[in-house]
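Everything below concerns the one structure shown next.
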Amino acid sequence: MDFIIRNLGVIIAPILFLLIFFFSRHIHRNQYKYELGAFILANLVILIQPRFFNIQIPFLNLLITSGHLSLAIFLLVMFTGVLKKNSRAKKALSLVRGELAVIGFIFLLPHAFARLALALSGYNMSGLFAFIIFIPLTITSFMFIRKKMNPKHWKNLHKLAYVAYFLIYIHLAFNISANPNNRFIRLDPYAFLYHFILILYITLRIIYVIVPKMKKNKNTKPA
């Protein structure tokens with residue numbers, strides 16, 4: 001049971017993918033409704049945390065406050081870039097990649113709010129750093145803002161997503177404390193799925209992104 005709880009975000013990611021695969025067009029057409037709904041739900045979750053009304057809703061706490069739903073969404077955003085070109089899965093996810101990035105960040109807010117004091121004390125600060133990086137990435141994911149940016153500048157900015165994803169991996173796979181009174185680095189015993197995901201992502205990136213780009217560059221070189 002502990003393994004399932006610690007890896008819930010990974011476990012629900014395929015289920016979430018199936019929903020998005022069949023409803024991607026609906027999500028795309030109703031982007032702001034979904035984002036508003038996520039914002040309302042995220043704020044309700046923040047309000048029911050102990051520092052306010054202390055209402056216990058285990059399902060919401062497990063899924064949202066613990067960050068699992070946000071993780072599942074960001075996994076889909078991340079893997080969209082390394083799926084096989086022109087595959088049905090890539091097309092479905094690419095259609096709503098920006099929307100998913102915004103919704104994933106919105107659902108990250110309750111987790112960040114609940115863990116902020118812990119992070120500021122020096123425990124697992126990689127999650128806080130990833131959250132800070134996600135702020136400009138999320139803001140520029142809105143199409144009306146993206147259109148005002150130089151495409152090259154936008155693309156360069158969003159390369160920071162790789163840094164954020166790696167920080168999330170560190171956040172999940174290791175327990176790190178920078179507190180002067182209690183410094184340590186420990187491998188999380190339930191984290192082997194996160195190691196697998198990192199290896200899978202790198203492998204797919206090599207196969208479907210790096211190798212095709214190398215072949216293209218080779219074929220376009222002047223004789």
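Letters for chains follow the order of the structure tokens (A, B, ...), residue numbers begin at 1 for each chain, and ligand numbers begin at 1 in the order shown.
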
Q) segment 31-33 of chain A: which residues within 12 Å, counting only C-alpha atoms, same-chain residues fewer than 6 positions away excluded, as a list in words? A)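 Here the answer would be Phe23, Ser24, Arg25, Phe39, Ile40, Leu95, Val96, Arg97, Gly98, Glu99, Leu100, Ala101, Val102, Ile103, Ser141, Phe142 and Met143 of chain A.
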
Take the residues just selected and output them with N, CA and C atoms as a CSV table (one decimal), in the first residue's frame.
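Output file selection-v9.csv is given in full below:
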```csv
chain,number,residue,atom,x,y,z
A,23,PHE,N,-10.8,13.0,-25.1
A,23,PHE,CA,-11.5,14.3,-24.9
A,23,PHE,C,-10.5,15.5,-25.2
A,24,SER,N,-9.5,15.3,-25.9
A,24,SER,CA,-8.5,16.3,-26.1
A,24,SER,C,-9.1,17.5,-26.9
A,25,ARG,N,-9.9,17.2,-27.9
A,25,ARG,CA,-10.6,18.3,-28.6
A,25,ARG,C,-11.5,19.1,-27.8
A,39,PHE,N,-8.8,25.7,-11.1
A,39,PHE,CA,-8.4,26.8,-10.1
A,39,PHE,C,-9.4,26.8,-8.9
A,40,ILE,N,-10.6,26.6,-9.2
A,40,ILE,CA,-11.6,26.6,-8.1
A,40,ILE,C,-11.4,25.4,-7.2
A,95,LEU,N,-2.2,18.6,-28.9
A,95,LEU,CA,-3.3,19.6,-29.0
A,95,LEU,C,-3.6,20.3,-27.7
A,96,VAL,N,-3.3,19.7,-26.6
A,96,VAL,CA,-3.7,20.3,-25.3
A,96,VAL,C,-2.5,20.4,-24.4
A,97,ARG,N,-1.3,20.3,-24.9
A,97,ARG,CA,-0.1,20.4,-24.1
A,97,ARG,C,0.0,21.7,-23.3
A,98,GLY,N,-0.3,22.8,-23.9
A,98,GLY,CA,-0.3,24.1,-23.2
A,98,GLY,C,-1.3,24.1,-22.1
A,99,GLU,N,-2.5,23.6,-22.4
A,99,GLU,CA,-3.6,23.6,-21.4
A,99,GLU,C,-3.2,22.7,-20.2
A,100,LEU,N,-2.6,21.6,-20.5
A,100,LEU,CA,-2.2,20.6,-19.5
A,100,LEU,C,-1.2,21.2,-18.6
A,101,ALA,N,-0.2,22.0,-19.2
A,101,ALA,CA,0.8,22.6,-18.4
A,101,ALA,C,0.2,23.6,-17.4
A,102,VAL,N,-0.8,24.4,-17.8
A,102,VAL,CA,-1.4,25.3,-16.9
A,102,VAL,C,-2.2,24.6,-15.8
A,103,ILE,N,-3.0,23.6,-16.2
A,103,ILE,CA,-3.8,22.9,-15.2
A,103,ILE,C,-2.9,22.1,-14.2
A,141,SER,N,2.5,30.0,-21.2
A,141,SER,CA,1.8,28.9,-21.8
A,141,SER,C,0.5,29.4,-22.3
A,142,PHE,N,0.0,30.5,-21.8
A,142,PHE,CA,-1.3,31.1,-22.3
A,142,PHE,C,-1.0,31.6,-23.7
A,143,MET,N,-1.9,31.2,-24.6
A,143,MET,CA,-1.7,31.5,-26.0
A,143,MET,C,-1.6,33.0,-26.3
```

Near Ile20 of chain A, within 8 Å and counting only C-alpha atoms, which residues show up once chain neighbours fewer than 4 positions away are dropped, as a compact mmCIF listing (two decimals) with C-alpha atoms, in the first residue's frame?
```
# COMPACT_ATOMS: atom_id res chain seq x y z
CA LEU A 16 -5.44 10.32 -17.29
CA SER A 24 -8.48 16.35 -26.14
CA ILE A 27 -10.48 20.25 -23.58
CA ALA A 92 -3.83 14.13 -28.98
CA LEU A 93 -1.45 15.33 -26.28
```

Q) Any idea what the distance is between atom CA of Ile168 of chain A and atom CA of Ile12 of chain A? A)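 That distance, rounded to one decimal, is 17.2 Å.
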
Selection near Asn7 of chain A, 10 Å with only C-alpha atoms, sequence-local residues under 4 positions removed, as a short mmCIF file (atom, residue, chain, number, x, y, z; two decimals) with C-alpha atoms, in the first residue's frame:
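This is the output file part_35.cif:
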```
data_model
loop_
_atom_site.label_atom_id
_atom_site.label_comp_id
_atom_site.auth_asym_id
_atom_site.auth_seq_id
_atom_site.Cartn_x
_atom_site.Cartn_y
_atom_site.Cartn_z
CA MET A 1 0.00 0.00 0.00
CA ASP A 2 2.84 2.41 0.81
CA PHE A 3 4.29 1.79 -2.65
CA ILE A 11 -0.12 4.97 -11.58
CA ILE A 12 -2.92 7.37 -12.55
CA HIS A 68 0.02 13.23 -7.36
CA LEU A 71 2.65 14.96 -11.26
CA ALA A 72 0.48 12.78 -13.51
CA LEU A 172 10.68 12.38 -5.71
CA TYR A 190 9.91 3.44 -3.09
CA ALA A 191 11.39 5.50 -5.93
CA PHE A 192 12.44 2.88 -8.49
CA LEU A 193 9.48 3.81 -10.73
CA TYR A 194 10.86 7.35 -10.94
#
```

Q: Enumerate the residues of chain A with a DSSP assignment of alpha helix (DSSP H), computed from the backbone, and present them as a ChimeraX atom specification.
A: /A:2-6,8-29,31-47,58-60,68-80,88-95,97-120,126-139,143-146,151-158,160-173,192-205,211-220

What's around Arg205 of chain A at 8 Å? Count only C-alpha atoms, leave out sequence neighbours fewer than 5 positions away in its own chain, and write the answer as a PDB file with C-alpha atoms, in the first residue's frame.
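The new file around-v2.pdb reads:
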```pdb
ATOM      1  CA  GLY A  81       7.800  15.850 -26.572  1.00  0.00           C
ATOM      2  CA  VAL A  82       9.397  12.419 -26.934  1.00  0.00           C
ATOM      3  CA  LEU A  83       6.560  10.383 -28.428  1.00  0.00           C
ATOM      4  CA  ILE A 210      17.978  13.150 -31.186  1.00  0.00           C
TER       5      ILE A 210
END
```

Q. What does the distance between atom CA of Ser126 of chain A and atom CA of Ile170 of chain A come to in Å, to one decimal place?
A.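 It comes out at 6.7 Å.
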
Taking 5 positions as the minimum chain separation for residues in the same chain, which residues sit within 7 Å of Gly104 of chain A when counting only C-alpha atoms? Answer as a tab-separated table (two decimals) with C-alpha atoms, in the first residue's frame.
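Saved the output as around-v7.tsv:
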```
chain	number	residue	atom	x	y	z
A	70	SER	CA	-0.16	17.47	-10.75
A	73	ILE	CA	-0.39	15.80	-15.66
A	74	PHE	CA	3.23	16.97	-15.91
```

**Q.** Closest of A:Met214, A:Leu36, A:Ala42, A:Met125 to Leu109 of chain A - atom-to-atom distances counting only C-alpha atoms
**A.**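 Ranked by minimum distance to Leu109 of chain A, first place goes to A:Ala42.
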
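Nearest to His153 of chain A of all the residues A:Val209, A:Thr140, A:Tyr165, A:Ile132 is A:Thr140, based on only C-alpha atoms.
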
Q.
Counting only C-alpha atoms, which residue out of A:Lys85, A:Val10, A:Arg29, A:Gly67 sits closest to Ile207 of chain A?
A.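 Using only C-alpha atoms, Ile207 of chain A sits closest to A:Lys85.
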
**Q.** Those of segment 23-181 of chain A in DSSP strand (DSSP E), formatted as a list in words
**A.**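 Everything in segment 23-181 of chain A that counts as strand (DSSP E) is Phe174, Asn175, Ile176 and Ser177 of chain A.
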
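Between Gly37 of chain A and the residues A:Ser94, A:Ile106, A:Asn175, A:Leu137, the shortest atom-to-atom distance, using only C-alpha atoms, involves A:Ile106.
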
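Between Leu108 of chain A and the residues A:Leu187, A:Ala38, A:Met78, A:Val163, the shortest atom-to-atom distance, using only C-alpha atoms, involves A:Ala38.
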
(Q) Could you list, as a list in words, every residue within 10 Å of Leu120 of chain A, counting only C-alpha atoms and ignoring same-chain residues fewer than 6 positions away? (A) Leu128, Ala178 and Asn179 of chain A

Q: Point out the residue among A:Ile199, A:His28, A:Gln49, A:Asn43 with the least atom-to-atom distance to Arg115 of chain A, counting only C-alpha atoms.
A: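 Nearest candidate to Arg115 of chain A out of A:Ile199, A:His28, A:Gln49, A:Asn43: A:Gln49.
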